[in-house]
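Participant: What follows is run_20.cif; its format and atoms are mmCIF, C-alpha atoms.
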data_upload
loop_
_atom_site.group_PDB
_atom_site.id
_atom_site.type_symbol
_atom_site.label_atom_id
_atom_site.label_comp_id
_atom_site.auth_asym_id
_atom_site.auth_seq_id
_atom_site.Cartn_x
_atom_site.Cartn_y
_atom_site.Cartn_z
ATOM 1 C CA MET A 1 150.183 58.406 68.153
ATOM 2 C CA LEU A 2 151.520 55.679 65.945
ATOM 3 C CA ASN A 3 149.599 54.057 63.142
ATOM 4 C CA LEU A 4 149.628 50.281 63.425
ATOM 5 C CA PRO A 5 150.382 48.254 60.311
ATOM 6 C CA ASN A 6 147.301 47.143 58.403
ATOM 7 C CA ILE A 7 147.523 43.417 57.636
ATOM 8 C CA VAL A 8 145.342 42.369 54.724
ATOM 9 C CA PHE A 9 145.364 38.824 53.411
ATOM 10 C CA ALA A 10 144.625 38.256 49.753
ATOM 11 C CA HIS A 11 142.461 35.222 49.199
ATOM 12 C CA ASP A 12 140.040 33.828 46.666
ATOM 13 C CA GLN A 13 136.787 35.793 46.863
ATOM 14 C CA ASN A 14 134.839 32.625 46.019
ATOM 15 C CA ASP A 15 136.321 30.839 49.021
ATOM 16 C CA HIS A 16 133.848 31.067 51.910
ATOM 17 C CA ARG A 17 136.593 30.619 54.502
ATOM 18 C CA ASN A 18 138.300 33.645 55.994
ATOM 19 C CA PRO A 19 142.130 33.743 55.926
ATOM 20 C CA LEU A 20 142.301 32.258 59.428
ATOM 21 C CA MET A 21 140.766 29.020 58.240
ATOM 22 C CA VAL A 22 142.928 28.525 55.157
ATOM 23 C CA ASP A 23 146.317 27.485 56.463
ATOM 24 C CA GLY A 24 146.746 28.838 59.983
ATOM 25 C CA SER A 25 149.169 31.507 58.809
ATOM 26 C CA PHE A 26 147.313 34.483 60.284
ATOM 27 C CA VAL A 27 148.794 34.526 63.795
ATOM 28 C CA PRO A 28 152.414 33.812 62.696
ATOM 29 C CA SER A 29 152.109 36.517 60.035
ATOM 30 C CA CYS A 30 150.840 38.994 62.615
ATOM 31 C CA GLY A 31 153.723 38.086 64.917
ATOM 32 C CA THR A 32 156.238 38.783 62.156
ATOM 33 C CA THR A 33 154.530 42.052 61.248
ATOM 34 C CA MET A 34 154.427 43.211 64.875
ATOM 35 C CA GLN A 35 158.103 42.280 65.313
ATOM 36 C CA ASN A 36 159.025 44.424 62.301
ATOM 37 C CA PHE A 37 156.818 47.269 63.564
ATOM 38 C CA ALA A 38 158.412 47.100 67.028
ATOM 39 C CA ASN A 39 161.912 47.037 65.471
ATOM 40 C CA GLN A 40 161.139 50.217 63.531
ATOM 41 C CA VAL A 41 159.725 52.026 66.567
ATOM 42 C CA ILE A 42 162.554 51.003 68.886
ATOM 43 C CA ARG A 43 165.219 51.862 66.292
ATOM 44 C CA TYR A 44 163.626 55.269 65.758
ATOM 45 C CA MET A 45 163.570 55.903 69.511
ATOM 46 C CA ALA A 46 167.201 54.785 69.847
ATOM 47 C CA HIS A 47 168.141 57.159 67.030
ATOM 48 C CA GLN A 48 166.458 59.940 69.037
ATOM 49 C CA GLY A 49 168.532 59.036 72.104
ATOM 50 C CA ARG A 50 165.807 57.100 73.941
ATOM 51 C CA SER A 51 165.864 53.467 74.981
ATOM 52 C CA PRO A 52 162.422 52.203 75.983
ATOM 53 C CA ARG A 53 162.317 49.630 78.754
ATOM 54 C CA ILE A 54 159.104 48.214 77.367
ATOM 55 C CA PHE A 55 157.079 48.511 74.166
ATOM 56 C CA HIS A 56 153.603 46.984 74.176
ATOM 57 C CA VAL A 57 151.240 46.853 71.209
ATOM 58 C CA GLU A 58 147.907 45.096 70.791
ATOM 59 C CA ALA A 59 146.615 44.096 67.387
ATOM 60 C CA ILE A 60 143.049 44.974 66.475
ATOM 61 C CA ASP A 61 141.184 41.897 65.336
ATOM 62 C CA VAL A 62 138.643 42.361 62.548
ATOM 63 C CA TYR A 63 137.815 38.635 62.430
ATOM 64 C CA GLY A 64 136.583 38.399 66.015
ATOM 65 C CA LEU A 65 139.220 35.986 67.289
ATOM 66 C CA SER A 66 139.599 35.437 70.974
ATOM 67 C CA PRO A 67 143.123 35.670 72.404
ATOM 68 C CA TYR A 68 145.268 32.922 70.944
ATOM 69 C CA PRO A 69 145.774 30.235 73.605
ATOM 70 C CA ASP A 70 149.354 29.279 72.745
ATOM 71 C CA PRO A 71 152.350 31.573 72.459
ATOM 72 C CA ASP A 72 154.044 31.917 69.096
ATOM 73 C CA ALA A 73 157.681 30.956 68.514
ATOM 74 C CA LYS A 74 158.824 34.223 70.131
ATOM 75 C CA GLY A 75 156.659 33.787 73.228
ATOM 76 C CA CYS A 76 153.995 36.394 72.386
ATOM 77 C CA ARG A 77 150.274 35.594 72.429
ATOM 78 C CA TRP A 78 147.837 37.030 69.914
ATOM 79 C CA PRO A 79 146.843 39.882 70.094
ATOM 80 C CA HIS A 80 149.370 41.065 72.716
ATOM 81 C CA TYR A 81 152.949 41.782 71.676
ATOM 82 C CA THR A 82 155.443 43.099 74.224
ATOM 83 C CA TYR A 83 159.091 43.943 73.586
ATOM 84 C CA THR A 84 162.104 45.502 75.215
ATOM 85 C CA SER A 85 165.056 47.021 73.415
ATOM 86 C CA GLY A 86 168.259 45.117 72.788
ATOM 87 C CA ARG A 87 171.309 45.154 70.553
ATOM 88 C CA ILE A 88 172.654 42.502 68.219
ATOM 89 C CA GLN A 89 175.528 42.281 65.795
ATOM 90 C CA ASP A 90 174.440 41.767 62.197
ATOM 91 C CA GLY A 91 176.259 39.761 59.515
ATOM 92 C CA LEU A 92 178.459 42.744 58.631
ATOM 93 C CA GLY A 93 179.610 43.195 62.224
ATOM 94 C CA MET A 94 177.461 46.304 62.784
ATOM 95 C CA HIS A 95 175.637 46.673 66.093
ATOM 96 C CA VAL A 96 171.906 47.187 65.557
ATOM 97 C CA THR A 97 169.093 48.042 67.959
ATOM 98 C CA VAL A 98 166.245 45.536 67.870
ATOM 99 C CA ALA A 99 162.995 44.770 69.629
ATOM 100 C CA VAL A 100 163.397 41.717 71.862
ATOM 101 C CA PRO A 101 160.131 39.852 72.537
ATOM 102 C CA LEU A 102 159.264 39.381 76.195
ATOM 103 C CA LYS A 103 157.893 35.911 76.835
ATOM 104 C CA ASN A 104 156.260 36.858 80.120
ATOM 105 C CA ALA A 105 156.081 40.626 80.331
ATOM 106 C CA ILE A 106 153.748 40.646 83.324
ATOM 107 C CA ARG A 107 156.228 38.627 85.372
ATOM 108 C CA GLU A 108 159.154 40.781 84.248
ATOM 109 C CA PHE A 109 157.316 44.073 84.884
ATOM 110 C CA PRO A 110 154.901 43.317 87.758
ATOM 111 C CA ASP A 111 154.324 46.996 88.592
ATOM 112 C CA ASN A 112 153.395 48.065 85.061
ATOM 113 C CA PHE A 113 149.762 49.215 85.188
ATOM 114 C CA ILE A 114 149.134 48.918 81.446
ATOM 115 C CA LEU A 115 150.428 45.355 81.215
ATOM 116 C CA GLN A 116 148.546 44.279 84.321
ATOM 117 C CA ASN A 117 145.264 45.589 82.910
ATOM 118 C CA SER A 118 145.511 44.736 79.220
ATOM 119 C CA THR A 119 147.281 41.431 78.633
ATOM 120 C CA THR A 120 145.979 37.988 79.402
#
Once more with this new file: its structure as structure tokens, please.
Facilitator:
Amino acid sequence: MLNLPNIVFAHDQNDHRNPLMVDGSFVPSCGTTMQNFANQVIRYMAHQGRSPRIFHVEAIDVYGLSPYPDPDAKGCRWPHYTYTSGRIQDGLGMHVTVAVPLKNAIREFPDNFILQNSTT
């Protein structure tokens, strides 16, 4: 099993608002964190000679949010993040394995039981 990243927002203890109410940065920050997490997992698997067709992770919400209605800039919707593996060329000309966000994973993988029964 993998340990998911623990996202903790530092905020003023005297402020009665939770981090979600402050500046709307919670969901974009989670998207960035999940992208980095997926990159690490997919790169590790590629290093081991495996290339996953799909990588799906769901964030655990301690603030009691419902699923975010709008997709983020990469097409993922809180708390569901789905990726496939891909390769890009970095600024030095090196080819690197990366996690590529799937904008509509259910449509792309209609026979995947886990996606059909977990994502919205």
Participant: Between atom CA of Met34 of chain A and atom CA of Phe113 of chain A, measure the distance and give it in Å to one decimal.
Facilitator: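 These two atoms are separated by 21.7 Å.
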Participant: For Gln40 of chain A, which residue out of A:Ala73, A:Ala105, A:Phe55, A:His80 is the nearest one, using only C-alpha atoms?
Facilitator: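 Selected residue with least distance to Gln40 of chain A: A:Phe55.
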Participant: Report the distance between atom CA of Ile114 of chain A and atom CA of Arg50 of chain A in Å, rounded to one decimal place.
Facilitator: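 So the two atoms, atom CA of Ile114 of chain A and atom CA of Arg50 of chain A, lie 20.0 Å apart.
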Participant: As an exercise, work out the distance from atom CA of Tyr81 of chain A to atom CA of Pro110 of chain A in Å and give it to one decimal place.
Facilitator: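 That distance, rounded to one decimal, is 16.3 Å.
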Participant: List, as JSON, numbers by chain, every residue that the PyMOL selection byres ((chain A and resi 43) around 12) selects in the file provided.
Facilitator: {"A": [35, 36, 37, 38, 39, 40, 41, 42, 44, 45, 46, 47, 48, 49, 50, 51, 52, 55, 84, 85, 86, 87, 95, 96, 97, 98, 99, 100]}
Participant: Starting from the displayed file, determine the output of the PyMOL selection byres ((chain A and resi 104) around 12) and express the residue list as an NGL selection string.
Facilitator: :A and (71 or 74-77 or 80-84 or 100-103 or 105-110 or 115-116 or 119-120)
Participant: When you count all atoms listed in the file, which of these residues is closest to Thr32 of chain A: A:Asn117, A:Arg53, A:Asp72, A:Glu58?
Facilitator: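 Ranking A:Asn117, A:Arg53, A:Asp72, A:Glu58 by distance to Thr32 of chain A, first place goes to A:Asp72.
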